[in-house]
Structures are given as C-alpha cells and as structure tokens.
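Okay, work_26.tsv now, which holds TSV, C-alpha atoms and all ligand atoms:
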```tsv
chain	number	residue	atom	x	y	z
A	254	MET	CA	9.32	18.15	-3.38
A	255	HIS	CA	11.34	18.10	-0.17
A	256	VAL	CA	13.28	14.84	0.41
A	257	ILE	CA	14.85	13.76	3.71
A	258	LYS	CA	17.22	10.81	3.44
A	259	LEU	CA	18.04	8.76	6.52
A	260	ASP	CA	20.29	5.75	7.10
A	261	ALA	CA	18.13	4.23	9.82
A	262	ILE	CA	14.96	5.14	11.70
A	263	ASP	CA	12.26	3.31	13.63
A	264	SER	CA	9.59	3.99	11.01
A	265	THR	CA	9.50	6.61	8.24
A	266	ASN	CA	5.74	6.99	8.80
A	267	ASP	CA	6.24	7.89	12.48
A	268	TYR	CA	9.20	10.18	11.74
A	269	LEU	CA	7.26	12.09	9.06
A	270	ARG	CA	4.15	12.43	11.24
A	271	LYS	CA	6.23	14.04	14.01
A	272	LEU	CA	8.11	16.21	11.50
A	273	ILE	CA	5.01	17.82	10.01
A	274	LEU	CA	3.35	18.41	13.39
A	275	GLY	CA	2.76	22.14	13.76
A	276	LYS	CA	4.91	22.88	10.69
A	277	ASN	CA	2.36	22.27	7.93
A	278	PRO	CA	4.93	22.08	5.09
A	279	THR	CA	3.71	23.66	1.88
A	280	ALA	CA	5.61	21.28	-0.42
A	281	PRO	CA	5.19	17.51	-0.74
A	282	THR	CA	7.61	15.98	1.77
A	283	VAL	CA	9.27	12.57	1.51
A	284	VAL	CA	11.22	10.68	4.17
A	285	VAL	CA	13.23	7.71	2.93
A	286	SER	CA	15.36	5.36	4.98
A	287	GLN	CA	17.81	2.60	4.09
A	288	TYR	CA	16.64	0.66	7.12
A	289	GLN	CA	13.76	0.67	9.58
A	290	LYS	CA	14.20	-0.70	13.08
A	291	LYS	CA	10.44	-0.86	13.70
A	292	GLY	CA	8.91	-0.75	10.23
A	293	LYS	CA	5.14	-0.91	10.42
A	294	GLY	CA	2.86	-2.99	8.22
A	295	GLN	CA	-0.89	-3.28	7.97
A	296	ARG	CA	-2.96	-4.78	10.80
A	297	GLY	CA	-0.25	-4.02	13.37
A	298	GLN	CA	2.28	-6.29	11.66
A	299	ALA	CA	5.98	-5.50	11.32
A	300	TRP	CA	7.49	-4.59	7.96
A	301	ILE	CA	10.86	-6.32	7.76
A	302	SER	CA	13.19	-5.31	4.97
A	303	GLN	CA	16.91	-5.88	4.38
A	304	ALA	CA	19.01	-2.72	4.87
A	305	GLY	CA	19.95	-0.85	1.69
A	306	LYS	CA	18.22	-3.27	-0.68
A	307	ASN	CA	14.72	-1.90	-0.88
A	308	LEU	CA	12.69	1.28	-1.09
A	309	MET	CA	11.00	2.42	2.12
A	310	PHE	CA	9.53	5.88	2.22
A	311	SER	CA	6.69	8.01	3.48
A	312	LEU	CA	5.05	10.88	1.63
A	313	TYR	CA	3.11	13.85	2.98
A	314	MET	CA	0.97	15.84	0.56
A	315	PRO	CA	0.07	19.35	1.76
A	316	ASN	CA	-3.60	20.36	1.69
A	317	PHE	CA	-4.77	16.82	1.11
A	318	SER	CA	-7.83	15.84	3.07
A	319	LEU	CA	-10.77	13.52	2.50
A	320	PRO	CA	-14.24	13.13	3.93
A	321	THR	CA	-13.92	10.42	6.62
A	322	LYS	CA	-16.27	8.13	4.70
A	323	GLU	CA	-13.99	8.27	1.66
A	324	VAL	CA	-10.68	7.61	3.42
A	325	PHE	CA	-10.20	4.34	1.57
A	326	SER	CA	-10.05	6.14	-1.78
A	327	ILE	CA	-6.44	7.12	-0.98
A	328	ASN	CA	-5.55	3.42	-0.86
A	329	LYS	CA	-7.14	3.01	-4.27
A	330	ILE	CA	-5.20	5.97	-5.73
A	331	VAL	CA	-1.85	4.88	-4.27
A	332	SER	CA	-2.40	1.24	-5.25
A	333	VAL	CA	-3.28	2.15	-8.85
A	334	CYS	CA	-0.28	4.48	-9.06
A	335	LEU	CA	2.04	1.67	-7.92
A	336	LEU	CA	0.38	-0.80	-10.30
A	337	HIS	CA	0.79	1.53	-13.30
A	338	TRP	CA	4.36	2.37	-12.28
A	339	LEU	CA	5.39	-1.30	-11.79
A	340	SER	CA	3.76	-2.25	-15.10
A	341	SER	CA	5.96	0.36	-16.81
A	342	PHE	CA	8.96	-1.71	-15.61
A	343	GLN	CA	7.46	-4.84	-17.20
A	344	MET	CA	6.82	-6.57	-13.87
A	345	PRO	CA	4.67	-9.59	-14.71
A	346	ASN	CA	1.09	-10.23	-13.50
A	347	ILE	CA	0.86	-7.19	-11.27
A	348	CYS	CA	-2.31	-6.97	-9.19
A	349	VAL	CA	-3.70	-5.58	-5.94
A	350	LYS	CA	-4.93	-7.88	-3.23
A	351	TRP	CA	-7.53	-6.19	-1.04
A	352	PRO	CA	-7.03	-3.92	0.72
A	353	ASN	CA	-3.71	-2.83	-0.78
A	354	ASP	CA	-1.08	-5.54	-1.07
A	355	ILE	CA	0.71	-5.21	-4.38
A	356	LEU	CA	1.46	-8.61	-5.87
A	357	SER	CA	3.11	-10.19	-8.85
A	358	GLY	CA	1.06	-13.34	-9.36
A	359	ASP	CA	0.67	-14.63	-5.81
A	360	SER	CA	3.83	-13.01	-4.42
A	361	LYS	CA	3.95	-9.70	-2.59
A	362	ILE	CA	6.25	-7.06	-4.04
A	363	ALA	CA	5.01	-3.96	-2.20
A	364	GLY	CA	2.93	-2.86	0.75
A	365	ILE	CA	1.19	0.41	1.51
A	366	LEU	CA	0.38	1.86	4.92
A	367	THR	CA	-1.61	5.10	4.84
A	368	GLU	CA	-2.28	6.78	8.16
A	369	SER	CA	-4.41	9.83	8.91
A	370	ASN	CA	-6.05	11.70	11.75
A	371	VAL	CA	-9.81	11.94	11.78
A	372	HIS	CA	-11.33	15.25	12.92
A	373	HIS	CA	-15.12	14.98	12.88
A	374	LEU	CA	-16.05	14.42	9.25
A	375	THR	CA	-12.63	15.03	7.71
A	376	ALA	CA	-9.42	12.99	7.65
A	377	SER	CA	-6.02	14.69	7.34
A	378	PRO	CA	-3.06	14.85	7.23
A	379	PHE	CA	-2.25	11.66	5.35
A	380	ILE	CA	1.07	9.90	5.75
A	381	ILE	CA	1.49	7.50	2.85
A	382	GLY	CA	4.05	4.79	3.58
A	383	VAL	CA	5.33	2.54	0.83
A	384	GLY	CA	7.61	-0.48	1.15
A	385	LEU	CA	8.78	-1.85	-2.18
A	386	ASN	CA	11.03	-4.88	-2.53
A	387	VAL	CA	13.71	-3.92	-5.04
A	388	ASN	CA	17.08	-5.70	-4.90
A	389	GLN	CA	16.49	-8.17	-2.05
A	390	VAL	CA	16.67	-11.75	-3.32
A	391	GLU	CA	16.30	-13.78	-0.14
A	392	PHE	CA	13.31	-13.49	2.14
A	393	GLN	CA	13.68	-15.66	5.22
A	394	ASN	CA	10.37	-16.95	6.57
A	395	LEU	CA	8.47	-14.97	3.92
A	396	PRO	CA	7.75	-17.54	1.21
A	397	ASN	CA	5.24	-15.25	-0.53
A	398	ALA	CA	7.57	-12.28	-0.95
A	399	THR	CA	9.22	-11.24	-4.20
A	400	SER	CA	11.21	-8.27	-5.50
A	401	MET	CA	11.83	-6.37	-8.72
A	402	GLN	CA	15.20	-8.11	-9.05
A	403	LEU	CA	13.73	-11.59	-8.49
A	404	LEU	CA	11.11	-10.88	-11.15
A	405	THR	CA	13.36	-9.45	-13.86
A	406	GLY	CA	16.89	-10.59	-13.00
A	407	LYS	CA	18.06	-6.95	-13.04
A	408	SER	CA	19.27	-4.79	-10.18
A	409	TYR	CA	17.89	-1.27	-9.79
A	410	ASP	CA	19.15	2.14	-8.66
A	411	ILE	CA	17.04	2.77	-5.57
A	412	ASP	CA	17.47	6.57	-5.64
A	413	ALA	CA	16.27	6.72	-9.24
A	414	LEU	CA	13.25	4.60	-8.34
A	415	LEU	CA	12.46	6.88	-5.40
A	416	PHE	CA	12.44	9.96	-7.62
A	417	SER	CA	10.37	8.31	-10.34
A	418	LEU	CA	7.78	6.78	-7.98
A	419	THR	CA	7.33	9.82	-5.72
A	420	THR	CA	6.96	12.09	-8.77
A	421	LYS	CA	4.21	9.82	-10.06
A	422	LEU	CA	2.50	9.63	-6.67
A	423	ILE	CA	2.47	13.41	-6.38
A	424	GLU	CA	0.96	13.60	-9.87
A	425	TYR	CA	-1.80	11.11	-8.93
A	426	LEU	CA	-2.51	12.94	-5.64
A	427	THR	CA	-2.63	16.47	-7.06
A	428	PRO	CA	-6.06	17.91	-7.92
A	429	PRO	CA	-8.00	17.39	-10.05
A	430	ILE	CA	-7.74	13.80	-8.81
A	431	LYS	CA	-9.12	11.23	-11.21
A	432	ASN	CA	-11.45	8.47	-10.14
A	433	TYR	CA	-9.29	5.35	-10.01
A	434	ASN	CA	-12.07	2.99	-8.92
A	435	ASP	CA	-12.29	1.20	-12.29
A	436	ASP	CA	-8.52	0.80	-12.52
A	437	TYR	CA	-8.38	-0.57	-8.98
A	438	HIS	CA	-10.96	-3.21	-9.91
A	439	LYS	CA	-9.25	-3.99	-13.21
A	440	TYR	CA	-6.22	-5.08	-11.18
A	441	LEU	CA	-8.13	-6.57	-8.23
A	442	TYR	CA	-6.82	-10.01	-7.23
A	443	GLY	CA	-9.46	-12.74	-7.45
A	444	LEU	CA	-12.23	-10.52	-8.84
A	445	GLY	CA	-15.25	-12.70	-9.66
A	446	GLN	CA	-13.49	-15.73	-8.20
A	447	SER	CA	-14.11	-17.81	-5.12
A	448	ARG	CA	-11.55	-17.47	-2.33
A	449	LEU	CA	-11.20	-18.78	1.21
A	450	PHE	CA	-11.52	-16.23	4.02
A	451	SER	CA	-11.44	-16.25	7.80
A	452	ARG	CA	-13.49	-14.13	10.16
A	453	GLU	CA	-13.57	-14.61	13.93
A	454	ASN	CA	-11.58	-17.83	13.46
A	455	LYS	CA	-14.19	-19.30	11.13
A	456	MET	CA	-13.32	-20.13	7.53
A	457	PHE	CA	-15.72	-19.63	4.66
A	458	GLU	CA	-15.74	-19.22	0.90
A	459	GLY	CA	-16.85	-16.11	-0.91
A	460	ILE	CA	-16.87	-14.84	-4.48
A	461	ILE	CA	-15.17	-11.46	-4.70
A	462	GLN	CA	-17.64	-8.88	-6.08
A	463	PHE	CA	-16.00	-5.48	-5.54
A	464	VAL	CA	-14.49	-3.11	-2.96
A	465	ASN	CA	-17.02	-0.45	-1.96
A	466	SER	CA	-16.37	3.25	-1.36
A	467	GLU	CA	-15.81	2.60	2.35
A	468	GLY	CA	-13.11	0.07	1.48
A	469	LYS	CA	-15.18	-2.95	2.45
A	470	LEU	CA	-14.77	-6.14	0.45
A	471	VAL	CA	-18.12	-7.25	-0.93
A	472	LEU	CA	-18.46	-11.03	-1.18
A	473	GLU	CA	-21.17	-13.34	-2.42
A	474	THR	CA	-21.42	-16.01	0.27
A	475	THR	CA	-23.89	-18.77	1.10
A	476	ALA	CA	-25.50	-16.21	3.44
A	477	GLY	CA	-25.95	-13.72	0.57
A	478	THR	CA	-24.06	-10.57	-0.41
A	479	GLN	CA	-22.05	-9.22	2.50
A	480	ALA	CA	-19.55	-6.37	2.93
A	481	PHE	CA	-16.59	-6.95	5.23
A	482	ASP	CA	-14.35	-4.43	6.92
A	483	VAL	CA	-10.58	-4.75	6.66
A	484	LYS	CA	-10.36	-5.29	10.44
A	485	GLU	CA	-12.64	-8.32	10.46
A	486	LEU	CA	-11.72	-10.33	7.37
A	487	GLN	CA	-8.57	-12.04	6.15
A	488	PHE	CA	-7.63	-14.10	3.14
A	489	VAL	CA	-6.71	-17.54	4.45
A	490	ASP	CA	-3.74	-17.89	2.11
A	491	VAL	CA	-2.14	-14.59	3.20
A	492	VAL	CA	1.50	-14.80	4.22
A	493	ASP	CA	2.18	-11.26	5.34
A	494	GLN	CA	5.50	-9.56	4.91
B	1	LIG	C1	1.93	-3.76	4.53
B	1	LIG	O1	1.83	-4.41	5.58
B	1	LIG	O2	1.74	-4.30	3.45
B	1	LIG	C2	2.29	-2.31	4.56
B	1	LIG	C3	3.77	-2.12	4.61
B	1	LIG	C4	4.19	-0.67	4.60
B	1	LIG	C5	5.67	-0.53	4.85
B	1	LIG	C6	6.15	0.87	4.66
B	1	LIG	S1	7.90	0.98	4.63
B	1	LIG	C7	7.83	2.71	4.75
B	1	LIG	C8	6.69	3.06	5.69
B	1	LIG	N1	7.14	3.11	7.06
B	1	LIG	C9	6.61	2.14	7.81
B	1	LIG	O3	6.85	1.94	9.03
B	1	LIG	N2	5.78	1.39	7.07
B	1	LIG	C10	5.70	1.89	5.71
```
Please express what this file holds, its structure, as structure tokens.
Amino acid sequence: MHVIKLDAIDSTNDYLRKLILGKNPTAPTVVVSQYQKKGKGQRGQAWISQAGKNLMFSLYMPNFSLPTKEVFSINKIVSVCLLHWLSSFQMPNICVKWPNDILSGDSKIAGILTESNVHHLTASPFIIGVGLNVNQVEFQNLPNATSMQLLTGKSYDIDALLFSLTTKLIEYLTPPIKNYNDDYHKYLYGLGQSRLFSRENKMFEGIIQFVNSEGKLVLETTAGTQAFDVKELQFVDVVDQ
C-alpha cells in the first residue's frame, strides 16, 4: 500500500484521480488529508469536517473494474466493510442508510463517495472516498451527525485507524471478492419498515423491500412495487453532513 499524507487539499478524491491519471499505480494507493477545503459529499453536497479531528481519505485499487450495470456493488462492499470494522470497535446500532450513509442509530458517523469513469460497458478506475467522524464532538448545523468519540467517550489515534481501515478495505476489494449483498441488507436501515420519501417535491410513504443490483431502492407503495434511482429519491428525514 502506498500512502500519501497531506495537511490540506481541496478534495482527496480529486487529488487521487489526477495522481493516477496516466500512471496506473500497481499498488493500492491512499491519499489522506487532515483537512479538505472543498470536500465532496454525495448528490453534489459538501463534506465539512473539522481539521485534524477526523479521517478523510481516498483509496485507489489497481486492476479493479466492474461491469457498468454492477457499479453499485462497490458501494455495498465498502459499506459492509465499514459496518464490520465499526462494529469491531463496539459502536452501537451501526447500520447503512441507502445508498451508503453509515449511521449509528439515526446519526451519521461516516459517508462514502465512490467515483468511476464509465467506458462502454465497464467502469474503472474507482476512487473510493471515505469520511469518518472520529474525534469531533461538536457539529454546527448538523444535528444528525455523530462521531466515534461521541459514541464511546474515547478519543482515537487517527493514523492507527487509517491503517486498520484501509487494510480491511483492501482485503474486501481483493479478488476473490465475496458477495456482500446479504450483509448489506442485514444492516439496511428501515428494512421492511415504512418511511417517508420525497421525489420531484412530492412526499409519499413506502415500505423498504431491498436494494437491487443496480443500486435502486425497491419500495412497496400505494402504486405497487417500484424501484427508485439514487438521483430521484430522498429520505425526508435526511439531514446531510
Ligand atoms: C457523503 O455525502 O456521505 C459522502 C462523503 C464522502 C466524504 C469523503 S472525505 C474523503 C473523500 N474526499 C472527498 O472530497 N469526499 C470523500
């Protein structure tokens, strides 16, 4: 594993994407930064994180590609890896809220942003960005955010966490890759329960059935069983970090 440590950068995802361009590193490559000036979240949101308190990194795995139709499976693998890893630190009530918000109860502890290029039927390379709240204890304007320290009362060595989590991610992303679909659903927030959603500014209720191989959330609604893309559907109670 090749690790690049930075004090500050716009976004570790963007830095790593430019770094690998034309170089095709043969070893897994990690970029970690104490602070991001323009940290990116899902759905074009910003990822705001206090300097030096949290873990923010991006990982590139050489020779990792997926059929375009199966791109979402990387979110399932990375989510399950984080869920298993956080559980090993006794974080309570860890779950994944579709598509890949990592929660403790109803509070967000980590976010994942995977980015790839699509060439015809194949997607690669993948940049896997992870933001994990570690030692931050105050989250202004983010009432649904939590951290490892808030959950356990302990403070953590961020470098040690980086090594442990990236080692586990590399293990999960190295062939032969297991099928983590069952594990993803075991931890899926609201599975079998009714939740409020919004789509095109209209609110409706749906019972969460499963997340299909394309990453669509399948809901039982008054209009029947419907699959929704991540771009069109939102949980109404989401307070994004
Ligand atoms: C989310 O919105 O939940 C995804 C957040 C992902 C944040 C991480 S921090 C490291 C990497 N670099 C970025 O710009 N974003 C990801």
How close does chain A get to ligand LIG 1 (chain B)? List, as a Markdown table, each residue of chain A within 9 Å, its nearest atom pair and the distance in Å to one decimal, counting all atoms listed in the file.
```
| residue | atom | partner | partner_atom | distance |
| --- | --- | --- | --- | --- |
| A:Asp263 | CA | B:LIG1 | O3 | 7.2 |
| A:Ser264 | CA | B:LIG1 | O3 | 4.0 |
| A:Thr265 | CA | B:LIG1 | N1 | 4.4 |
| A:Asn266 | CA | B:LIG1 | N1 | 4.5 |
| A:Asp267 | CA | B:LIG1 | O3 | 6.9 |
| A:Tyr268 | CA | B:LIG1 | N1 | 8.7 |
| A:Val284 | CA | B:LIG1 | C7 | 8.7 |
| A:Val285 | CA | B:LIG1 | C7 | 7.6 |
| A:Ser286 | CA | B:LIG1 | C7 | 8.0 |
| A:Gln289 | CA | B:LIG1 | O3 | 7.0 |
| A:Lys290 | CA | B:LIG1 | O3 | 8.8 |
| A:Lys291 | CA | B:LIG1 | O3 | 6.5 |
| A:Gly292 | CA | B:LIG1 | O3 | 3.6 |
| A:Lys293 | CA | B:LIG1 | O3 | 3.6 |
| A:Gly294 | CA | B:LIG1 | O1 | 3.2 |
| A:Gln295 | CA | B:LIG1 | O1 | 3.8 |
| A:Arg296 | CA | B:LIG1 | O1 | 7.1 |
| A:Gly297 | CA | B:LIG1 | O1 | 8.1 |
| A:Gln298 | CA | B:LIG1 | O1 | 6.4 |
| A:Ala299 | CA | B:LIG1 | O1 | 7.2 |
| A:Trp300 | CA | B:LIG1 | C5 | 5.4 |
| A:Ile301 | CA | B:LIG1 | C5 | 8.3 |
| A:Ser302 | CA | B:LIG1 | S1 | 8.2 |
| A:Leu308 | CA | B:LIG1 | S1 | 7.5 |
| A:Met309 | CA | B:LIG1 | C7 | 4.1 |
| A:Phe310 | CA | B:LIG1 | C7 | 4.4 |
| A:Ser311 | CA | B:LIG1 | C8 | 5.4 |
| A:Leu312 | CA | B:LIG1 | C8 | 9.0 |
| A:Asn353 | CA | B:LIG1 | O2 | 7.1 |
| A:Asp354 | CA | B:LIG1 | O2 | 5.5 |
| A:Ile355 | CA | B:LIG1 | O2 | 7.9 |
| A:Lys361 | CA | B:LIG1 | O2 | 8.4 |
| A:Ala363 | CA | B:LIG1 | O2 | 6.5 |
| A:Gly364 | CA | B:LIG1 | O2 | 3.3 |
| A:Ile365 | CA | B:LIG1 | C2 | 4.2 |
| A:Leu366 | CA | B:LIG1 | C4 | 4.6 |
| A:Thr367 | CA | B:LIG1 | C10 | 8.0 |
| A:Ile380 | CA | B:LIG1 | C8 | 8.9 |
| A:Ile381 | CA | B:LIG1 | C8 | 7.4 |
| A:Gly382 | CA | B:LIG1 | C8 | 3.8 |
| A:Val383 | CA | B:LIG1 | C6 | 4.3 |
| A:Gly384 | CA | B:LIG1 | S1 | 3.8 |
| A:Leu385 | CA | B:LIG1 | S1 | 7.4 |
| A:Asp493 | CA | B:LIG1 | O1 | 6.9 |
| A:Gln494 | CA | B:LIG1 | O1 | 6.4 |
```
So which residues touch Leu441 (chain A) within 12 Å, counting all atoms listed in the file, skipping near sequence neighbours fewer than 4 positions away, as a PyMOL selection string? chain A and resi 329+332-333+336+346-358+434-437+445-446+461-464+470
Give me, please, the distance in Å between CA of Val256 (chain A) and CA of Asp412 (chain A), quoted to one decimal. 11.1 Å
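Considering all atoms listed in the file, the residue among A:Met254, A:Leu374, A:Met344, A:Thr321 positioned nearest to Ser400 (chain A) is A:Met344.
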Considering all atoms listed in the file, return as a short mmCIF file (atom, residue, chain, number, x, y, z; two decimals) with C-alpha atoms, keeping the file's coordinate frame whatever protein or nucleic-acid residues lie within 7 Å of region 478-488 of chain A, sequence-local ones (same chain, fewer than 3 positions apart) excluded.
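Written file, around-v2.cif:
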```cif
data_model
loop_
_atom_site.label_atom_id
_atom_site.label_comp_id
_atom_site.auth_asym_id
_atom_site.auth_seq_id
_atom_site.Cartn_x
_atom_site.Cartn_y
_atom_site.Cartn_z
CA PRO A 352 -7.03 -3.92 0.72
CA LEU A 449 -11.20 -18.78 1.21
CA PHE A 450 -11.52 -16.23 4.02
CA SER A 451 -11.44 -16.25 7.80
CA ARG A 452 -13.49 -14.13 10.16
CA LYS A 469 -15.18 -2.95 2.45
CA LEU A 470 -14.77 -6.14 0.45
CA VAL A 471 -18.12 -7.25 -0.93
CA LEU A 472 -18.46 -11.03 -1.18
CA GLU A 473 -21.17 -13.34 -2.42
CA THR A 474 -21.42 -16.01 0.27
CA VAL A 491 -2.14 -14.59 3.20
#
```
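With distances restricted to all atoms listed in the file, A:Ala476 is the closest residue to Ile460 (chain A) from A:Leu274, A:Ile327, A:Ala476, A:Ile257.
Atom pair CA of His372 (chain A) / CA of Lys431 (chain A) has a distance of 24.6 Å (rounded to one decimal).
If all atoms listed in the file are the atoms counted, then among A:Lys306, A:Glu391, A:Ile423, A:His337 the closest residue to His255 (chain A) is A:Ile423.
Nearest-residue note for Gln393 (chain A): choosing from A:Glu467, A:Ile411, A:Gln303, A:Ser326, the minimum distance belongs to A:Gln303, counting all atoms listed in the file.
Between CA of Gln287 (chain A) and CA of Pro315 (chain A) the separation is 24.5 Å.
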Nearest to Ser466 (chain A), restricted to all atoms listed in the file and choosing among A:Tyr433, A:Phe325, A:Phe416, A:Trp338, comes out as A:Phe325
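Nearest residue to Thr375 (chain A) among A:Lys421, A:Lys276, A:Lys407, A:Lys322 is A:Lys322, counting all atoms listed in the file.
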Find the residues near His373 (chain A): any atom within 10 Å, counting all atoms listed in the file, skip ones fewer than 3 places away on the same chain, and give them as a short mmCIF file (atom, residue, chain, number, x, y, z; two decimals) with C-alpha atoms, in the frame of the given file.
```
data_model
loop_
_atom_site.label_atom_id
_atom_site.label_comp_id
_atom_site.auth_asym_id
_atom_site.auth_seq_id
_atom_site.Cartn_x
_atom_site.Cartn_y
_atom_site.Cartn_z
CA PRO A 320 -14.24 13.13 3.93
CA THR A 321 -13.92 10.42 6.62
CA ASN A 370 -6.05 11.70 11.75
CA ALA A 376 -9.42 12.99 7.65
#
```
May I have the residues within 8 Å of Val331 (chain A) as a ChimeraX atom specification, using all atoms listed in the file and disregarding those fewer than 3 positions away in the same chain? /A:327-328,334-335,365,422,425
